[in-house]
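**Student:** Data file model-v6.cif (mmCIF, C-alpha atoms, pLDDT in the B column; chains and numbers go by the auth columns) is appended below.
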```
data_final
#
loop_
_atom_site.group_PDB
_atom_site.id
_atom_site.type_symbol
_atom_site.label_atom_id
_atom_site.label_comp_id
_atom_site.label_asym_id
_atom_site.label_seq_id
_atom_site.Cartn_x
_atom_site.Cartn_y
_atom_site.Cartn_z
_atom_site.B_iso_or_equiv
_atom_site.auth_seq_id
_atom_site.auth_asym_id
ATOM 1 C CA MET A 1 -52.486 1.748 8.222 39.00 1 C
ATOM 2 C CA ARG A 2 -52.571 4.027 11.234 39.00 2 C
ATOM 3 C CA LEU A 3 -50.431 2.278 13.811 41.00 3 C
ATOM 4 C CA HIS A 4 -51.722 4.194 16.784 42.00 4 C
ATOM 5 C CA GLY A 5 -54.836 3.429 18.782 40.00 5 C
ATOM 6 C CA LEU A 6 -55.812 6.994 18.505 40.00 6 C
ATOM 7 C CA MET A 7 -58.903 8.841 17.553 38.00 7 C
ATOM 8 C CA THR A 8 -62.139 8.926 15.716 40.00 8 C
ATOM 9 C CA ASN A 9 -64.406 11.957 15.809 38.00 9 C
ATOM 10 C CA THR A 10 -65.557 11.146 19.353 37.00 10 C
ATOM 11 C CA LEU A 11 -62.418 9.779 21.054 47.00 11 C
ATOM 12 C CA ALA A 12 -59.355 11.632 22.307 50.00 12 C
ATOM 13 C CA PRO A 13 -55.931 10.663 21.000 55.00 13 C
ATOM 14 C CA HIS A 14 -53.982 7.995 22.845 65.00 14 C
ATOM 15 C CA PRO A 15 -52.013 9.731 25.660 70.00 15 C
ATOM 16 C CA GLN A 16 -48.689 8.904 23.953 75.00 16 C
ATOM 17 C CA TYR A 17 -49.760 10.115 20.491 74.00 17 C
ATOM 18 C CA THR A 18 -46.916 11.957 18.768 82.00 18 C
ATOM 19 C CA VAL A 19 -47.104 13.883 15.498 85.00 19 C
ATOM 20 C CA GLY A 20 -44.410 13.079 12.968 91.00 20 C
ATOM 21 C CA THR A 21 -43.068 10.841 10.241 96.00 21 C
ATOM 22 C CA TRP A 22 -42.067 7.316 11.211 96.00 22 C
ATOM 23 C CA GLN A 23 -40.118 4.635 9.356 98.00 23 C
ATOM 24 C CA ILE A 24 -40.901 0.965 9.954 97.00 24 C
ATOM 25 C CA ASP A 25 -37.844 -0.694 11.495 97.00 25 C
ATOM 26 C CA PRO A 26 -37.439 -4.063 9.724 96.00 26 C
ATOM 27 C CA THR A 27 -34.857 -5.200 12.292 95.00 27 C
ATOM 28 C CA HIS A 28 -37.519 -5.158 15.016 96.00 28 C
ATOM 29 C CA SER A 29 -40.588 -5.955 12.912 97.00 29 C
ATOM 30 C CA THR A 30 -42.088 -9.100 11.402 98.00 30 C
ATOM 31 C CA ILE A 31 -44.544 -9.587 8.560 97.00 31 C
ATOM 32 C CA SER A 32 -45.772 -13.175 8.567 97.00 32 C
ATOM 33 C CA PHE A 33 -48.514 -15.322 7.066 95.00 33 C
ATOM 34 C CA SER A 34 -50.077 -18.719 7.566 92.00 34 C
ATOM 35 C CA VAL A 35 -52.286 -20.942 5.416 91.00 35 C
ATOM 36 C CA LYS A 36 -53.956 -24.300 6.046 83.00 36 C
ATOM 37 C CA HIS A 37 -51.862 -27.213 4.693 81.00 37 C
ATOM 38 C CA LEU A 38 -53.103 -30.761 3.974 76.00 38 C
ATOM 39 C CA MET A 39 -56.317 -29.789 5.773 75.00 39 C
ATOM 40 C CA ILE A 40 -54.714 -30.614 9.149 73.00 40 C
ATOM 41 C CA SER A 41 -51.978 -28.062 9.871 77.00 41 C
ATOM 42 C CA LYS A 42 -50.689 -24.636 8.864 89.00 42 C
ATOM 43 C CA VAL A 43 -47.663 -23.558 6.872 91.00 43 C
ATOM 44 C CA ARG A 44 -46.135 -20.339 8.142 94.00 44 C
ATOM 45 C CA GLY A 45 -43.798 -17.915 6.471 94.00 45 C
ATOM 46 C CA THR A 46 -42.397 -14.428 6.613 97.00 46 C
ATOM 47 C CA PHE A 47 -41.311 -11.702 4.247 97.00 47 C
ATOM 48 C CA GLU A 48 -37.750 -10.680 5.085 97.00 48 C
ATOM 49 C CA LYS A 49 -37.570 -7.372 3.172 98.00 49 C
ATOM 50 C CA PHE A 50 -40.114 -4.578 3.598 98.00 50 C
ATOM 51 C CA SER A 51 -40.347 -0.874 4.270 98.00 51 C
ATOM 52 C CA GLY A 52 -42.996 1.610 5.238 96.00 52 C
ATOM 53 C CA THR A 53 -43.657 5.197 6.200 95.00 53 C
ATOM 54 C CA ILE A 54 -46.223 6.267 8.747 90.00 54 C
ATOM 55 C CA VAL A 55 -47.263 9.916 8.970 87.00 55 C
ATOM 56 C CA THR A 56 -49.067 10.867 12.177 80.00 56 C
ATOM 57 C CA ALA A 57 -50.862 14.168 11.604 79.00 57 C
ATOM 58 C CA GLU A 58 -52.127 16.848 14.004 78.00 58 C
ATOM 59 C CA ASN A 59 -55.580 15.399 13.347 75.00 59 C
ATOM 60 C CA PRO A 60 -55.003 11.653 13.823 69.00 60 C
ATOM 61 C CA ALA A 61 -57.808 10.917 11.349 70.00 61 C
ATOM 62 C CA GLU A 62 -55.556 12.398 8.626 76.00 62 C
ATOM 63 C CA SER A 63 -52.618 10.084 9.431 78.00 63 C
ATOM 64 C CA SER A 64 -51.485 7.517 6.889 87.00 64 C
ATOM 65 C CA ILE A 65 -49.177 4.623 6.128 86.00 65 C
ATOM 66 C CA GLU A 66 -47.691 3.261 2.953 95.00 66 C
ATOM 67 C CA ALA A 67 -45.800 -0.037 3.019 97.00 67 C
ATOM 68 C CA THR A 68 -44.002 -2.167 0.452 98.00 68 C
ATOM 69 C CA ILE A 69 -43.035 -5.839 0.766 98.00 69 C
ATOM 70 C CA GLU A 70 -40.502 -7.499 -1.530 98.00 70 C
ATOM 71 C CA ILE A 71 -42.163 -10.717 -2.726 97.00 71 C
ATOM 72 C CA ALA A 72 -38.869 -12.503 -3.507 97.00 72 C
ATOM 73 C CA SER A 73 -37.982 -12.238 0.201 98.00 73 C
ATOM 74 C CA VAL A 74 -40.606 -14.867 1.106 97.00 74 C
ATOM 75 C CA ASN A 75 -39.208 -17.377 3.621 97.00 75 C
ATOM 76 C CA THR A 76 -40.976 -20.520 4.835 95.00 76 C
ATOM 77 C CA ASN A 77 -37.724 -22.188 5.941 95.00 77 C
ATOM 78 C CA GLN A 78 -37.930 -24.561 2.978 95.00 78 C
ATOM 79 C CA PRO A 79 -36.025 -23.319 -0.121 97.00 79 C
ATOM 80 C CA ASP A 80 -37.896 -25.471 -2.678 96.00 80 C
ATOM 81 C CA ARG A 81 -41.261 -24.242 -1.374 92.00 81 C
ATOM 82 C CA ASP A 82 -40.015 -20.631 -1.320 96.00 82 C
ATOM 83 C CA ASN A 83 -38.898 -20.948 -4.952 96.00 83 C
ATOM 84 C CA HIS A 84 -42.321 -22.381 -5.863 94.00 84 C
ATOM 85 C CA LEU A 85 -44.056 -19.485 -4.087 94.00 85 C
ATOM 86 C CA ARG A 86 -42.105 -17.041 -6.280 97.00 86 C
ATOM 87 C CA THR A 87 -43.403 -18.662 -9.513 94.00 87 C
ATOM 88 C CA ASN A 88 -46.547 -17.999 -11.551 92.00 88 C
ATOM 89 C CA ASP A 89 -48.355 -20.655 -9.476 90.00 89 C
ATOM 90 C CA PHE A 90 -48.334 -18.231 -6.546 92.00 90 C
ATOM 91 C CA PHE A 91 -46.836 -14.723 -6.317 94.00 91 C
ATOM 92 C CA LYS A 92 -45.451 -14.270 -9.858 95.00 92 C
ATOM 93 C CA ALA A 93 -42.494 -12.434 -8.310 96.00 93 C
ATOM 94 C CA ASP A 94 -40.760 -11.751 -11.645 96.00 94 C
ATOM 95 C CA GLU A 95 -43.762 -9.812 -12.953 97.00 95 C
ATOM 96 C CA PHE A 96 -45.020 -8.408 -9.628 97.00 96 C
ATOM 97 C CA PRO A 97 -41.967 -7.936 -7.379 98.00 97 C
ATOM 98 C CA THR A 98 -43.774 -6.101 -4.578 98.00 98 C
ATOM 99 C CA MET A 99 -46.922 -6.210 -2.500 97.00 99 C
ATOM 100 C CA THR A 100 -48.122 -2.809 -1.266 98.00 100 C
ATOM 101 C CA PHE A 101 -50.509 -1.480 1.349 97.00 101 C
ATOM 102 C CA ARG A 102 -51.941 2.035 1.566 97.00 102 C
ATOM 103 C CA SER A 103 -54.284 3.021 4.398 94.00 103 C
ATOM 104 C CA THR A 104 -57.682 4.545 3.631 93.00 104 C
ATOM 105 C CA ASP A 105 -59.591 4.598 6.949 86.00 105 C
ATOM 106 C CA PHE A 106 -59.565 3.453 10.580 76.00 106 C
ATOM 107 C CA ASP A 107 -61.617 3.166 13.724 72.00 107 C
ATOM 108 C CA VAL A 108 -60.406 3.063 17.313 69.00 108 C
ATOM 109 C CA ASP A 109 -61.529 1.657 20.640 71.00 109 C
ATOM 110 C CA GLY A 110 -58.869 2.525 23.232 66.00 110 C
ATOM 111 C CA ASP A 111 -55.628 0.773 22.291 78.00 111 C
ATOM 112 C CA ASP A 112 -57.490 -1.439 19.791 80.00 112 C
ATOM 113 C CA PHE A 113 -57.851 -0.256 16.218 79.00 113 C
ATOM 114 C CA THR A 114 -59.304 -1.343 12.910 83.00 114 C
ATOM 115 C CA VAL A 115 -57.537 -0.156 9.771 85.00 115 C
ATOM 116 C CA THR A 116 -58.903 -0.358 6.245 92.00 116 C
ATOM 117 C CA GLY A 117 -56.586 -0.040 3.298 96.00 117 C
ATOM 118 C CA ASP A 118 -55.786 -1.089 -0.252 98.00 118 C
ATOM 119 C CA LEU A 119 -53.638 -4.212 -0.552 97.00 119 C
ATOM 120 C CA THR A 120 -52.089 -4.812 -3.973 98.00 120 C
ATOM 121 C CA LEU A 121 -50.758 -8.301 -4.742 96.00 121 C
ATOM 122 C CA ARG A 122 -50.080 -9.775 -8.204 95.00 122 C
ATOM 123 C CA GLY A 123 -51.444 -6.594 -9.775 95.00 123 C
ATOM 124 C CA VAL A 124 -54.810 -6.931 -8.010 97.00 124 C
ATOM 125 C CA THR A 125 -55.915 -4.298 -5.488 98.00 125 C
ATOM 126 C CA LYS A 126 -58.507 -5.162 -2.848 97.00 126 C
ATOM 127 C CA SER A 127 -59.648 -3.441 0.295 97.00 127 C
ATOM 128 C CA VAL A 128 -58.598 -5.301 3.452 97.00 128 C
ATOM 129 C CA THR A 129 -59.276 -4.695 7.123 94.00 129 C
ATOM 130 C CA LEU A 130 -56.642 -5.147 9.804 93.00 130 C
ATOM 131 C CA LYS A 131 -57.479 -5.411 13.479 94.00 131 C
ATOM 132 C CA GLY A 132 -54.721 -4.412 15.819 89.00 132 C
ATOM 133 C CA GLU A 133 -53.428 -3.134 19.094 90.00 133 C
ATOM 134 C CA PHE A 134 -51.206 -0.124 19.770 86.00 134 C
ATOM 135 C CA GLY A 135 -48.201 -1.140 21.879 88.00 135 C
ATOM 136 C CA GLY A 136 -47.015 2.303 22.954 87.00 136 C
ATOM 137 C CA ILE A 137 -44.194 4.778 22.426 89.00 137 C
ATOM 138 C CA ILE A 138 -40.823 4.773 24.171 90.00 138 C
ATOM 139 C CA THR A 139 -37.350 6.251 23.804 90.00 139 C
ATOM 140 C CA ASN A 140 -34.859 3.470 23.029 90.00 140 C
ATOM 141 C CA GLY A 141 -31.209 3.211 24.162 91.00 141 C
ATOM 142 C CA TYR A 142 -30.092 5.289 21.152 91.00 142 C
ATOM 143 C CA GLY A 143 -32.357 8.206 22.039 93.00 143 C
ATOM 144 C CA GLN A 144 -34.812 7.417 19.225 93.00 144 C
ATOM 145 C CA THR A 145 -38.569 7.688 19.686 93.00 145 C
ATOM 146 C CA VAL A 146 -40.040 4.278 18.845 94.00 146 C
ATOM 147 C CA ALA A 147 -43.693 3.216 18.466 92.00 147 C
ATOM 148 C CA ALA A 148 -45.057 -0.325 18.232 93.00 148 C
ATOM 149 C CA ALA A 149 -48.256 -2.037 17.131 92.00 149 C
ATOM 150 C CA SER A 150 -49.520 -5.437 16.076 96.00 150 C
ATOM 151 C CA ALA A 151 -52.281 -6.220 13.584 95.00 151 C
ATOM 152 C CA THR A 152 -53.804 -9.128 11.677 97.00 152 C
ATOM 153 C CA THR A 153 -56.052 -9.638 8.691 97.00 153 C
ATOM 154 C CA LYS A 154 -57.369 -12.575 6.698 97.00 154 C
ATOM 155 C CA ILE A 155 -57.594 -12.627 2.921 96.00 155 C
ATOM 156 C CA ASN A 156 -58.866 -15.132 0.386 94.00 156 C
ATOM 157 C CA ARG A 157 -55.826 -15.851 -1.789 91.00 157 C
ATOM 158 C CA HIS A 158 -58.032 -16.470 -4.850 92.00 158 C
ATOM 159 C CA ASP A 159 -59.147 -12.810 -4.719 94.00 159 C
ATOM 160 C CA PHE A 160 -55.559 -11.931 -5.680 94.00 160 C
ATOM 161 C CA GLY A 161 -55.128 -14.628 -8.346 89.00 161 C
ATOM 162 C CA VAL A 162 -53.131 -16.970 -6.092 85.00 162 C
ATOM 163 C CA SER A 163 -55.092 -20.095 -6.940 84.00 163 C
ATOM 164 C CA TRP A 164 -52.656 -23.020 -7.302 77.00 164 C
ATOM 165 C CA ASN A 165 -53.747 -26.146 -5.457 76.00 165 C
ATOM 166 C CA ALA A 166 -53.535 -29.919 -5.686 75.00 166 C
ATOM 167 C CA ALA A 167 -56.117 -32.546 -4.757 80.00 167 C
ATOM 168 C CA LEU A 168 -55.295 -34.966 -1.957 74.00 168 C
ATOM 169 C CA GLU A 169 -55.810 -38.701 -2.380 79.00 169 C
ATOM 170 C CA ALA A 170 -57.790 -38.767 0.861 76.00 170 C
ATOM 171 C CA GLY A 171 -60.032 -35.943 -0.398 75.00 171 C
ATOM 172 C CA GLY A 172 -59.744 -32.210 -0.035 73.00 172 C
ATOM 173 C CA MET A 173 -57.015 -29.907 -1.256 71.00 173 C
ATOM 174 C CA THR A 174 -53.376 -29.289 -0.351 75.00 174 C
ATOM 175 C CA LEU A 175 -53.899 -25.631 0.576 77.00 175 C
ATOM 176 C CA GLY A 176 -56.681 -23.694 2.229 84.00 176 C
ATOM 177 C CA ASP A 177 -58.149 -20.581 0.636 85.00 177 C
ATOM 178 C CA GLU A 178 -57.816 -18.255 3.633 88.00 178 C
ATOM 179 C CA VAL A 179 -54.448 -16.680 4.468 94.00 179 C
ATOM 180 C CA THR A 180 -53.812 -14.948 7.794 95.00 180 C
ATOM 181 C CA ILE A 181 -51.392 -12.021 7.622 97.00 181 C
ATOM 182 C CA SER A 182 -49.833 -10.877 10.910 97.00 182 C
ATOM 183 C CA LEU A 183 -47.809 -7.744 11.585 97.00 183 C
ATOM 184 C CA GLU A 184 -45.571 -7.035 14.568 97.00 184 C
ATOM 185 C CA LEU A 185 -44.192 -3.585 13.852 96.00 185 C
ATOM 186 C CA GLN A 186 -41.864 -1.065 15.403 96.00 186 C
ATOM 187 C CA ALA A 187 -41.411 2.322 13.783 96.00 187 C
ATOM 188 C CA VAL A 188 -38.792 4.990 14.467 97.00 188 C
ATOM 189 C CA LYS A 189 -39.674 8.676 14.401 96.00 189 C
ATOM 190 C CA ALA A 190 -37.625 10.607 11.840 92.00 190 C
#
```
Would you mind writing the file's structure down as structure tokens?
**Tutor:**
Amino acid sequence: MRLHGLMTNTLAPHPQYTVGTWQIDPTHSTISFSVKHLMISKVRGTFEKFSGTIVTAENPAESSIEATIEIASVNTNQPDRDNHLRTNDFFKADEFPTMTFRSTDFDVDGDDFTVTGDLTLRGVTKSVTLKGEFGGIITNGYGQTVAAASATTKINRHDFGVSWNAALEAGGMTLGDEVTISLELQAVKA
């Protein structure tokens, strides 16, 4: 995922574009998700442990990101639900301990960007598209160069074999099929 609203063949790089290798800072980043629950509300959760490397190249179109999320770090603020999410009904964390993302392509319109990449979850790899916004680059209080971006995507959980559900007495199902994944990321230049 290229976390800079930068360049296609016809656009100039963002004015703050900086070449280098960046590490996602999990202390100042959040990877969250939400899914429809009981057909009337949403359950939200986060993944507490993740890492990623972003390489911004001289030609921004050649930049890349690889990210890994530890499935067992799922947190919905309800321990019984979190334990259920780790089972074969959902993430199968024992067999597939990580979810990964690797960028393959992007398009840019000013600070807005669209990133395409391969998401692997439960041993299934599918192409997903994230839409995001570049936040900028700044030097923090420790003298580090820091970049920020936000992005979201929606996936159908069944595409990745996450198909557990239960019928409701009033009709319908306990969980929706569509999951929204949201990223609020800061990355530090190495």
**Student:** Between C:Ser51, C:Thr180, C:Thr120, C:Ser63, which has the minimum distance to Asp25 of chain C (counting only C-alpha atoms)?
**Tutor:**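 The closest residue to Asp25 of chain C is C:Ser51.
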**Student:** Identify, on the basis of all atoms listed in the file, every residue whose closest approach to Val162 of chain C does not exceed 12 Å; exclude the query and any residue fewer than 2 positions from it along the same chain; express the result as a list in words.
**Tutor:** Leu85, Arg86, Thr87, Asn88, Asp89, Phe90, Phe91, Lys92, Ala93, Leu121, Arg122, Gly123, Val124, Ile155, Asn156, Arg157, His158, Asp159, Phe160, Trp164, Asn165, Leu175, Gly176, Asp177, Glu178 and Val179 of chain C
**Student:** Taking the file as shown, what set of residues would the PyMOL selection byres ((chain C and resi 32-36) around 7) give back, as a ChimeraX atom specification?
**Tutor:** /C:30-31,37-39,41-47,175-176,178-183
**Student:** Kindly give the distance, in Å, that separates atom CA of Asp111 of chain C and atom CA of Glu58 of chain C, rounded to a single decimal.
**Tutor:**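 If I compute the distance from atom CA of Asp111 of chain C to atom CA of Glu58 of chain C, I get 18.4 Å.
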**Student:** For the structure provided, state which residues fall under the PyMOL selection byres ((chain C and resi 106) around 6), and present them as a short mmCIF file (atom, residue, chain, number, x, y, z; two decimals) with C-alpha atoms, in the coordinates of the input.
**Tutor:**
```
data_model
loop_
_atom_site.label_atom_id
_atom_site.label_comp_id
_atom_site.auth_asym_id
_atom_site.auth_seq_id
_atom_site.Cartn_x
_atom_site.Cartn_y
_atom_site.Cartn_z
CA ASP C 105 -59.59 4.60 6.95
CA ASP C 107 -61.62 3.17 13.72
CA THR C 114 -59.30 -1.34 12.91
CA VAL C 115 -57.54 -0.16 9.77
CA THR C 116 -58.90 -0.36 6.24
#
```
**Student:** So how many Å separate atom CA of Thr68 of chain C and atom CA of Thr100 of chain C, to one decimal?
**Tutor:**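 Atom CA of Thr100 of chain C lies at a distance of 4.5 Å from atom CA of Thr68 of chain C.
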**Student:** So how far away is atom CA of Leu130 of chain C from atom CA of Lys154 of chain C, in Å?
**Tutor:**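 Distance reported for this atom pair: 8.1 Å.
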**Student:** Adding 4 Å on each side of the box along x, y and z that holds all listed atoms of segment 76-88 of chain C, could you give its centre and edge lengths in Å to one decimal, as JSON?
**Tutor:**
```
{"center_x": -41.3, "center_y": -21.3, "center_z": -2.8, "size_x": 18.5, "size_y": 16.4, "size_z": 25.5}
```
**Student:** The PyMOL selection byres ((chain C and resi 131-144) around 6) on the file shown: which residues, as a list of chain:residue names?
**Tutor:**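 That expression, the PyMOL selection byres ((chain C and resi 131-144) around 6), corresponds here to C:His4, C:Gly5, C:Asp111, C:Asp112, C:Phe113, C:Thr114, C:Leu130, C:Thr145, C:Val146, C:Ala147, C:Ala148, C:Ala149, C:Ser150, C:Ala151, C:Thr152.
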**Student:** Next, dump the selected residues to file, keeping only C-alpha atoms, as a tab-separated table (two decimals), in the frame of the given file.
**Tutor:**
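The result, written out as result_12.tsv:
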```
chain	number	residue	atom	x	y	z
C	4	HIS	CA	-51.72	4.19	16.78
C	5	GLY	CA	-54.84	3.43	18.78
C	111	ASP	CA	-55.63	0.77	22.29
C	112	ASP	CA	-57.49	-1.44	19.79
C	113	PHE	CA	-57.85	-0.26	16.22
C	114	THR	CA	-59.30	-1.34	12.91
C	130	LEU	CA	-56.64	-5.15	9.80
C	145	THR	CA	-38.57	7.69	19.69
C	146	VAL	CA	-40.04	4.28	18.84
C	147	ALA	CA	-43.69	3.22	18.47
C	148	ALA	CA	-45.06	-0.32	18.23
C	149	ALA	CA	-48.26	-2.04	17.13
C	150	SER	CA	-49.52	-5.44	16.08
C	151	ALA	CA	-52.28	-6.22	13.58
C	152	THR	CA	-53.80	-9.13	11.68
```
